[in-house]
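Printed here is entry27.cif (mmCIF, C-alpha atoms):
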data_data
#
loop_
_atom_site.group_PDB
_atom_site.id
_atom_site.type_symbol
_atom_site.label_atom_id
_atom_site.label_comp_id
_atom_site.auth_asym_id
_atom_site.auth_seq_id
_atom_site.Cartn_x
_atom_site.Cartn_y
_atom_site.Cartn_z
ATOM 1 C CA MET L 1 -15.028 1.152 -21.332
ATOM 2 C CA ALA L 2 -11.879 3.061 -20.556
ATOM 3 C CA SER L 3 -8.480 1.704 -21.377
ATOM 4 C CA THR L 4 -5.742 1.762 -18.764
ATOM 5 C CA PRO L 5 -2.203 0.491 -19.183
ATOM 6 C CA SER L 6 -1.486 -2.863 -17.615
ATOM 7 C CA ALA L 7 1.045 -3.470 -14.905
ATOM 8 C CA GLY L 8 1.625 -6.868 -16.467
ATOM 9 C CA PRO L 9 3.169 -7.962 -19.735
ATOM 10 C CA GLY L 10 -0.090 -8.136 -21.716
ATOM 11 C CA GLY L 11 -0.308 -4.511 -22.818
ATOM 12 C CA PRO L 12 -3.424 -2.373 -22.318
ATOM 13 C CA ILE L 13 -6.331 -3.893 -20.462
ATOM 14 C CA SER L 14 -9.919 -2.798 -20.517
ATOM 15 C CA ARG L 15 -11.412 -1.660 -17.220
ATOM 16 C CA ARG L 16 -14.651 -0.006 -16.295
ATOM 17 C CA PRO L 17 -14.073 3.260 -14.410
ATOM 18 C CA SER L 18 -16.709 2.195 -11.883
ATOM 19 C CA ILE L 19 -14.733 -0.992 -11.129
ATOM 20 C CA ILE L 20 -11.512 0.990 -10.687
ATOM 21 C CA LEU L 21 -13.205 3.435 -8.311
ATOM 22 C CA ALA L 22 -14.827 0.586 -6.393
ATOM 23 C CA GLU L 23 -11.456 -1.144 -5.947
ATOM 24 C CA ILE L 24 -9.828 2.096 -4.780
ATOM 25 C CA GLY L 25 -12.664 2.728 -2.315
ATOM 26 C CA LEU L 26 -12.664 -0.846 -1.053
ATOM 27 C CA ILE L 27 -8.918 -0.970 -0.400
ATOM 28 C CA ALA L 28 -8.859 2.536 1.152
ATOM 29 C CA ALA L 29 -11.741 1.541 3.449
ATOM 30 C CA LEU L 30 -10.143 -1.797 4.320
ATOM 31 C CA TYR L 31 -6.841 -0.087 5.170
ATOM 32 C CA THR L 32 -8.659 2.482 7.314
ATOM 33 C CA VAL L 33 -10.886 -0.006 9.163
ATOM 34 C CA ILE L 34 -8.000 -2.374 9.948
ATOM 35 C CA THR L 35 -5.922 0.538 11.243
ATOM 36 C CA TRP L 36 -8.760 1.936 13.359
ATOM 37 C CA ALA L 37 -9.794 -1.483 14.694
ATOM 38 C CA LEU L 38 -6.250 -2.119 15.859
ATOM 39 C CA SER L 39 -5.624 1.464 16.969
ATOM 40 C CA PRO L 40 -3.683 0.635 20.123
ATOM 41 C CA ILE L 41 -0.881 -0.807 17.956
ATOM 42 C CA SER L 42 -1.474 1.297 14.818
ATOM 43 C CA TYR L 43 -0.153 4.593 16.172
ATOM 44 C CA GLY L 44 2.941 5.653 18.061
ATOM 45 C CA PRO L 45 6.666 4.963 18.200
ATOM 46 C CA LEU L 46 6.269 1.167 18.325
ATOM 47 C CA GLN L 47 3.457 0.920 15.817
ATOM 48 C CA LEU L 48 2.601 -2.223 13.953
ATOM 49 C CA ARG L 49 0.036 -1.073 11.412
ATOM 50 C CA LEU L 50 -1.187 -4.438 10.134
ATOM 51 C CA ALA L 51 -3.006 -2.806 7.200
ATOM 52 C CA GLU L 52 0.437 -2.165 5.680
ATOM 53 C CA ILE L 53 0.355 -5.763 4.457
ATOM 54 C CA LEU L 54 -1.961 -4.571 1.646
ATOM 55 C CA LYS L 55 0.515 -2.080 0.198
ATOM 56 C CA SER L 56 2.362 -4.415 -2.166
ATOM 57 C CA LEU L 57 -0.856 -4.605 -4.215
ATOM 58 C CA VAL L 58 0.307 -1.472 -6.064
ATOM 59 C CA ILE L 59 2.933 -3.576 -7.849
ATOM 60 C CA TRP L 60 0.189 -5.231 -9.922
ATOM 61 C CA GLU L 61 -2.594 -2.671 -9.520
ATOM 62 C CA PRO L 62 -1.155 0.848 -9.887
ATOM 63 C CA HIS L 63 -4.581 2.452 -9.618
ATOM 64 C CA LEU L 64 -4.483 1.392 -5.936
ATOM 65 C CA ILE L 65 -1.795 4.003 -5.250
ATOM 66 C CA ALA L 66 -4.715 6.376 -4.670
ATOM 67 C CA ALA L 67 -6.239 3.907 -2.196
ATOM 68 C CA PHE L 68 -3.190 4.036 0.047
ATOM 69 C CA VAL L 69 -2.932 7.831 -0.081
ATOM 70 C CA LEU L 70 -6.621 8.105 0.849
ATOM 71 C CA GLY L 71 -6.524 5.220 3.351
ATOM 72 C CA ASN L 72 -3.520 6.733 5.109
ATOM 73 C CA PHE L 73 -5.236 10.120 5.347
ATOM 74 C CA LEU L 74 -8.449 8.609 6.706
ATOM 75 C CA SER L 75 -6.712 6.327 9.190
ATOM 76 C CA ASN L 76 -4.613 9.217 10.475
ATOM 77 C CA LEU L 77 -7.733 11.228 11.308
ATOM 78 C CA LEU L 78 -7.937 9.172 14.525
ATOM 79 C CA SER L 79 -4.232 9.346 15.231
ATOM 80 C CA PRO L 80 -3.303 10.925 18.563
ATOM 81 C CA PHE L 81 -0.864 12.959 16.472
ATOM 82 C CA ALA L 82 -3.403 14.108 13.837
ATOM 83 C CA GLY L 83 -2.342 17.376 12.281
ATOM 84 C CA PRO L 84 -0.438 18.563 9.230
ATOM 85 C CA TRP L 85 2.337 15.984 9.578
ATOM 86 C CA GLU L 86 -0.052 13.045 9.750
ATOM 87 C CA LEU L 87 -2.684 14.399 7.344
ATOM 88 C CA LEU L 88 -0.485 15.981 4.668
ATOM 89 C CA PHE L 89 3.074 14.688 4.917
ATOM 90 C CA MET L 90 2.266 11.008 5.469
ATOM 91 C CA PRO L 91 -0.223 10.722 2.558
ATOM 92 C CA LEU L 92 2.434 12.408 0.396
ATOM 93 C CA ALA L 93 5.026 9.887 1.623
ATOM 94 C CA ASN L 94 2.572 7.133 0.639
ATOM 95 C CA LEU L 95 2.154 8.659 -2.811
ATOM 96 C CA VAL L 96 5.924 8.674 -3.331
ATOM 97 C CA GLY L 97 6.441 5.224 -1.791
ATOM 98 C CA ALA L 98 3.580 3.573 -3.659
ATOM 99 C CA THR L 99 4.614 5.111 -6.977
ATOM 100 C CA LEU L 100 8.211 3.928 -6.590
ATOM 101 C CA CYS L 101 6.951 0.516 -5.453
ATOM 102 C CA TYR L 102 4.955 0.212 -8.670
ATOM 103 C CA LEU L 103 7.692 1.549 -10.969
ATOM 104 C CA VAL L 104 10.410 -0.692 -9.532
ATOM 105 C CA GLY L 105 8.167 -3.556 -8.441
ATOM 106 C CA ARG L 106 6.709 -4.315 -11.840
ATOM 107 C CA ARG L 107 10.168 -5.632 -12.769
ATOM 108 C CA LEU L 108 11.595 -6.463 -9.313
ATOM 109 C CA PRO L 109 8.653 -6.968 -6.908
ATOM 110 C CA TRP L 110 10.757 -7.585 -3.794
ATOM 111 C CA LEU L 111 12.825 -4.454 -4.374
ATOM 112 C CA GLY L 112 9.712 -2.359 -5.040
ATOM 113 C CA ALA L 113 8.154 -3.546 -1.779
ATOM 114 C CA ALA L 114 11.425 -2.911 0.080
ATOM 115 C CA LEU L 115 11.580 0.668 -1.249
ATOM 116 C CA TYR L 116 8.007 1.302 -0.089
ATOM 117 C CA ALA L 117 8.870 -0.056 3.371
ATOM 118 C CA LEU L 118 12.033 2.078 3.521
ATOM 119 C CA ILE L 119 10.188 5.265 2.543
ATOM 120 C CA ILE L 120 7.306 4.748 4.982
ATOM 121 C CA GLY L 121 9.502 3.572 7.864
ATOM 122 C CA THR L 122 11.766 6.600 7.400
ATOM 123 C CA ALA L 123 8.850 9.028 7.024
ATOM 124 C CA VAL L 124 7.042 7.737 10.133
ATOM 125 C CA SER L 125 10.299 7.924 12.123
ATOM 126 C CA PHE L 126 10.877 11.487 10.935
ATOM 127 C CA VAL L 127 7.334 12.631 11.790
ATOM 128 C CA LEU L 128 7.295 10.978 15.203
ATOM 129 C CA SER L 129 10.750 12.356 16.052
ATOM 130 C CA ILE L 130 9.285 15.839 15.564
ATOM 131 C CA LEU L 131 5.933 15.220 17.238
ATOM 132 C CA ILE L 132 7.027 13.280 20.317
ATOM 133 C CA LYS L 133 10.565 14.635 20.470
ATOM 134 C CA VAL L 134 12.319 11.268 20.418
ATOM 135 C CA PRO L 135 15.579 10.918 18.472
ATOM 136 C CA PHE L 136 15.040 9.802 14.881
ATOM 137 C CA ALA L 137 17.792 7.175 15.215
ATOM 138 C CA GLY L 138 15.984 5.658 18.184
ATOM 139 C CA LEU L 139 12.721 5.277 16.259
ATOM 140 C CA LEU L 140 14.030 4.151 12.883
ATOM 141 C CA PRO L 141 15.105 0.533 13.550
ATOM 142 C CA ALA L 142 11.786 -0.654 15.008
ATOM 143 C CA LEU L 143 9.667 1.218 12.472
ATOM 144 C CA LEU L 144 11.755 -0.030 9.540
ATOM 145 C CA ALA L 145 11.498 -3.581 10.871
ATOM 146 C CA SER L 146 7.698 -3.420 11.143
ATOM 147 C CA GLU L 147 7.335 -1.897 7.668
ATOM 148 C CA PHE L 148 9.656 -4.469 6.075
ATOM 149 C CA ILE L 149 7.901 -7.366 7.810
ATOM 150 C CA LEU L 150 4.465 -6.171 6.689
ATOM 151 C CA ILE L 151 5.063 -4.742 3.206
ATOM 152 C CA VAL L 152 7.800 -7.089 1.990
ATOM 153 C CA GLY L 153 6.425 -10.048 3.927
ATOM 154 C CA GLY L 154 2.959 -9.264 2.614
ATOM 155 C CA LEU L 155 4.046 -9.502 -1.014
ATOM 156 C CA PRO L 156 3.520 -13.278 -1.433
ATOM 157 C CA ILE L 157 0.255 -13.054 0.500
ATOM 158 C CA MET L 158 -1.112 -10.283 -1.730
ATOM 159 C CA ARG L 159 0.071 -12.130 -4.861
ATOM 160 C CA THR L 160 -1.794 -15.246 -3.672
ATOM 161 C CA ILE L 161 -4.950 -13.251 -2.917
ATOM 162 C CA LEU L 162 -4.843 -11.560 -6.332
ATOM 163 C CA ARG L 163 -4.401 -14.934 -7.990
ATOM 164 C CA ALA L 164 -7.403 -16.327 -6.085
ATOM 165 C CA LEU L 165 -9.569 -13.304 -6.950
ATOM 166 C CA GLU L 166 -8.567 -13.238 -10.620
ATOM 167 C CA PRO L 167 -11.523 -15.296 -11.982
ATOM 168 C CA PHE L 168 -14.020 -13.167 -10.061
ATOM 169 C CA ARG L 169 -12.399 -9.890 -11.129
ATOM 170 C CA ARG L 170 -12.284 -11.048 -14.747
ATOM 171 C CA ARG L 171 -16.030 -11.818 -14.731
ATOM 172 C CA LEU L 172 -16.828 -8.590 -12.931
ATOM 173 C CA GLY L 173 -14.711 -6.238 -14.989
ATOM 174 C CA GLY L 174 -13.942 -8.098 -18.201
ATOM 175 C CA ARG L 175 -10.249 -7.560 -17.707
ATOM 176 C CA GLU L 176 -7.043 -9.406 -18.289
ATOM 177 C CA SER L 177 -4.730 -10.384 -15.455
ATOM 178 C CA THR L 178 -2.108 -7.929 -14.219
ATOM 179 C CA LEU L 179 -0.076 -10.845 -12.854
ATOM 180 C CA SER L 180 2.652 -12.208 -15.110
ATOM 181 C CA PRO L 181 2.163 -15.737 -16.475
ATOM 182 C CA GLY L 182 4.658 -17.075 -13.925
ATOM 183 C CA GLU L 183 2.824 -15.382 -11.058
ATOM 184 C CA ARG L 184 -0.520 -16.746 -12.263
ATOM 185 C CA ALA L 185 0.836 -20.285 -12.456
ATOM 186 C CA GLY L 186 2.612 -20.535 -9.190
#
Rendering of file as structure tokens:
Amino acid sequence: MASTPSAGPGGPISRRPSIILAEIGLIAALYTVITWALSPISYGPLQLRLAEILKSLVIWEPHLIAAFVLGNFLSNLLSPFAGPWELLFMPLANLVGATLCYLVGRRLPWLGAALYALIIGTAVSFVLSILIKVPFAGLLPALLASEFILIVGGLPIMRTILRALEPFRRRLGGRESTLSPGERAG
């Protein structure tokens, strides 16, 4: 078993590499499928990419940063704007946003989620302003609002789901919780 540092207060936790890869693949696939299934609202200047609700998971599960980089790349393959901006810049923006979300969010979860929403909302506005030639300032408010609603609003939902899955994940991977004692209790 490989040892990976914990996002929680318990120190190192033991995880099987196969479990880590499975979780990354599962979340990347889930993000991609949700985005594709809801493609009419997942792309464009008024997008509401419902899969964004998953992104706060990186606060407790930093290995999932890779899932959102990969999931963003895969979901953007079907974007009407697919090209270097969507396939290179946006996964990079997700890498930066998810990493900052984890680094800040492990101490201040709401602020970490807000930073992720700010980075992605700004990046999407920037890319779309170039691709569809609409002023950045005209795109930013709606895209920031959707990102904040989904990523920040999704934080308590993802915390609840992690809490519910904890017994199963512990049996499957023999690992300690990445939620703090307070988050596990309530």
Selection dump of the PyMOL selection byres ((chain L and resi 45) around 12), as a count of residues only: 34
Ground truth for the PyMOL selection byres ((chain L and resi 87) around 10), written as a list in words: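 Checking the PyMOL selection byres ((chain L and resi 87) around 10) against this file, the residues are Val69, Leu70, Asn72, Phe73, Leu74, Ser75, Asn76, Leu77, Ser79, Phe81, Ala82, Gly83, Pro84, Trp85, Glu86, Leu88, Phe89, Met90, Pro91 and Leu92 of chain L.
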Selected residue, from L:Ile53, L:Ala117, L:Leu78, L:Ala93, that lies nearest to Leu155 in chain L when counting all atoms listed in the file: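 Ranked by minimum distance to Leu155 in chain L, first place goes to L:Ile53.
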Who sits within 12 Å of Leu95 in chain L, all atoms listed in the file, same chain under 5 positions skipped, as a list in words: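 My reading of the contact set: Lys55, Val58, Pro62, His63, Leu64, Ile65, Ala66, Ala67, Phe68, Val69, Leu70, Gly71, Asn72, Phe73, Leu88, Phe89, Met90, Leu100, Cys101, Tyr102, Tyr116, Ile119, Ile120 and Ala123 of chain L.
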Need the axis-aligned box for range 123-134 of chain L with 6 Å each side, so what are the centre and edges in Å to one decimal, as AutoDock Vina command-line options?
--center_x 9.1 --center_y 11.8 --center_z 13.7 --size_x 18.4 --size_y 20.1 --size_z 25.4
Near-range 108-110 of chain L list (12 Å; all atoms listed in the file; drop same-chain fewer than 2 positions) as an MDAnalysis selection string: chainID L and resid 7:8 55:60 100:106 112:117 148:149 151:156 158:159 179:180 183
Interatomic distance (Å, one decimal) between CA of Thr35 in chain L and CA of Glu52 in chain L: 8.9 Å
Residue nearest Leu50 in chain L among L:Leu165, L:Leu150, L:Ile20, L:Arg171 (counting only C-alpha atoms): L:Leu150
Separation of CA of Glu61 in chain L from CA of Ile19 in chain L, in Å and rounded to one decimal: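 Separating CA of Glu61 in chain L from CA of Ile19 in chain L is a distance of 12.4 Å.
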CA of Leu38 in chain L to CA of Leu54 in chain L, distance in Å rounded to a single decimal: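 That distance, rounded to one decimal, is 15.0 Å.
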Shortest interatomic distance to Arg170 in chain L - which of L:Arg16, L:Ile27, L:Val33, L:Leu118, counting all atoms listed in the file: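 Looking at the shortest contact to Arg170 in chain L, the residue is L:Arg16.
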Kindly add N, CA and C atoms to the incomplete range 113-139 of chain L and provide the output as a PDB file, in the frame of the given file.
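Contents of part.pdb, as written:
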ATOM      1  N   ALA L 113       8.753  -3.477  -3.117  1.00  0.00           N
ATOM      2  CA  ALA L 113       8.154  -3.546  -1.779  1.00  0.00           C
ATOM      3  C   ALA L 113       9.138  -3.030  -0.727  1.00  0.00           C
ATOM      4  N   ALA L 114      10.409  -3.372  -0.875  1.00  0.00           N
ATOM      5  CA  ALA L 114      11.425  -2.911   0.080  1.00  0.00           C
ATOM      6  C   ALA L 114      11.570  -1.385   0.043  1.00  0.00           C
ATOM      7  N   LEU L 115      11.513  -0.799  -1.145  1.00  0.00           N
ATOM      8  CA  LEU L 115      11.580   0.668  -1.249  1.00  0.00           C
ATOM      9  C   LEU L 115      10.395   1.329  -0.547  1.00  0.00           C
ATOM     10  N   TYR L 116       9.209   0.762  -0.744  1.00  0.00           N
ATOM     11  CA  TYR L 116       8.007   1.302  -0.089  1.00  0.00           C
ATOM     12  C   TYR L 116       8.185   1.231   1.429  1.00  0.00           C
ATOM     13  N   ALA L 117       8.659   0.103   1.933  1.00  0.00           N
ATOM     14  CA  ALA L 117       8.870  -0.056   3.371  1.00  0.00           C
ATOM     15  C   ALA L 117       9.913   0.944   3.878  1.00  0.00           C
ATOM     16  N   LEU L 118      10.986   1.134   3.130  1.00  0.00           N
ATOM     17  CA  LEU L 118      12.033   2.078   3.521  1.00  0.00           C
ATOM     18  C   LEU L 118      11.496   3.504   3.587  1.00  0.00           C
ATOM     19  N   ILE L 119      10.730   3.900   2.582  1.00  0.00           N
ATOM     20  CA  ILE L 119      10.188   5.265   2.543  1.00  0.00           C
ATOM     21  C   ILE L 119       9.213   5.493   3.697  1.00  0.00           C
ATOM     22  N   ILE L 120       8.304   4.552   3.923  1.00  0.00           N
ATOM     23  CA  ILE L 120       7.306   4.748   4.982  1.00  0.00           C
ATOM     24  C   ILE L 120       7.952   4.651   6.363  1.00  0.00           C
ATOM     25  N   GLY L 121       8.823   3.682   6.568  1.00  0.00           N
ATOM     26  CA  GLY L 121       9.502   3.572   7.864  1.00  0.00           C
ATOM     27  C   GLY L 121      10.296   4.830   8.196  1.00  0.00           C
ATOM     28  N   THR L 122      10.986   5.376   7.201  1.00  0.00           N
ATOM     29  CA  THR L 122      11.766   6.600   7.400  1.00  0.00           C
ATOM     30  C   THR L 122      10.853   7.798   7.644  1.00  0.00           C
ATOM     31  N   ALA L 123       9.778   7.902   6.867  1.00  0.00           N
ATOM     32  CA  ALA L 123       8.850   9.028   7.024  1.00  0.00           C
ATOM     33  C   ALA L 123       8.162   9.013   8.382  1.00  0.00           C
ATOM     34  N   VAL L 124       7.700   7.836   8.817  1.00  0.00           N
ATOM     35  CA  VAL L 124       7.042   7.737  10.133  1.00  0.00           C
ATOM     36  C   VAL L 124       8.040   8.092  11.240  1.00  0.00           C
ATOM     37  N   SER L 125       9.266   7.610  11.125  1.00  0.00           N
ATOM     38  CA  SER L 125      10.299   7.924  12.123  1.00  0.00           C
ATOM     39  C   SER L 125      10.563   9.425  12.174  1.00  0.00           C
ATOM     40  N   PHE L 126      10.644  10.046  11.010  1.00  0.00           N
ATOM     41  CA  PHE L 126      10.877  11.487  10.935  1.00  0.00           C
ATOM     42  C   PHE L 126       9.742  12.262  11.599  1.00  0.00           C
ATOM     43  N   VAL L 127       8.500  11.929  11.242  1.00  0.00           N
ATOM     44  CA  VAL L 127       7.334  12.631  11.790  1.00  0.00           C
ATOM     45  C   VAL L 127       7.254  12.451  13.309  1.00  0.00           C
ATOM     46  N   LEU L 128       7.390  11.220  13.759  1.00  0.00           N
ATOM     47  CA  LEU L 128       7.295  10.978  15.203  1.00  0.00           C
ATOM     48  C   LEU L 128       8.442  11.625  15.968  1.00  0.00           C
ATOM     49  N   SER L 129       9.628  11.701  15.359  1.00  0.00           N
ATOM     50  CA  SER L 129      10.750  12.356  16.052  1.00  0.00           C
ATOM     51  C   SER L 129      10.439  13.831  16.300  1.00  0.00           C
ATOM     52  N   ILE L 130       9.686  14.439  15.392  1.00  0.00           N
ATOM     53  CA  ILE L 130       9.285  15.839  15.564  1.00  0.00           C
ATOM     54  C   ILE L 130       8.138  15.956  16.569  1.00  0.00           C
ATOM     55  N   LEU L 131       7.142  15.093  16.427  1.00  0.00           N
ATOM     56  CA  LEU L 131       5.933  15.220  17.238  1.00  0.00           C
ATOM     57  C   LEU L 131       6.110  14.794  18.687  1.00  0.00           C
ATOM     58  N   ILE L 132       6.879  13.741  18.926  1.00  0.00           N
ATOM     59  CA  ILE L 132       7.027  13.280  20.317  1.00  0.00           C
ATOM     60  C   ILE L 132       8.428  13.533  20.862  1.00  0.00           C
ATOM     61  N   LYS L 133       9.232  14.208  20.064  1.00  0.00           N
ATOM     62  CA  LYS L 133      10.565  14.635  20.470  1.00  0.00           C
ATOM     63  C   LYS L 133      11.426  13.476  20.987  1.00  0.00           C
ATOM     64  N   VAL L 134      11.465  12.429  20.178  1.00  0.00           N
ATOM     65  CA  VAL L 134      12.319  11.268  20.418  1.00  0.00           C
ATOM     66  C   VAL L 134      13.333  11.245  19.279  1.00  0.00           C
ATOM     67  N   PRO L 135      14.587  10.914  19.557  1.00  0.00           N
ATOM     68  CA  PRO L 135      15.579  10.918  18.472  1.00  0.00           C
ATOM     69  C   PRO L 135      15.188  10.003  17.311  1.00  0.00           C
ATOM     70  N   PHE L 136      15.339  10.531  16.118  1.00  0.00           N
ATOM     71  CA  PHE L 136      15.040   9.802  14.881  1.00  0.00           C
ATOM     72  C   PHE L 136      15.738   8.440  14.877  1.00  0.00           C
ATOM     73  N   ALA L 137      17.017   8.418  15.231  1.00  0.00           N
ATOM     74  CA  ALA L 137      17.792   7.175  15.215  1.00  0.00           C
ATOM     75  C   ALA L 137      17.242   6.148  16.193  1.00  0.00           C
ATOM     76  N   GLY L 138      16.583   6.587  17.234  1.00  0.00           N
ATOM     77  CA  GLY L 138      15.984   5.658  18.184  1.00  0.00           C
ATOM     78  C   GLY L 138      14.688   5.041  17.678  1.00  0.00           C
ATOM     79  N   LEU L 139      13.993   5.753  16.805  1.00  0.00           N
ATOM     80  CA  LEU L 139      12.721   5.277  16.259  1.00  0.00           C
ATOM     81  C   LEU L 139      12.901   4.406  15.014  1.00  0.00           C
TER      82      LEU L 139
END
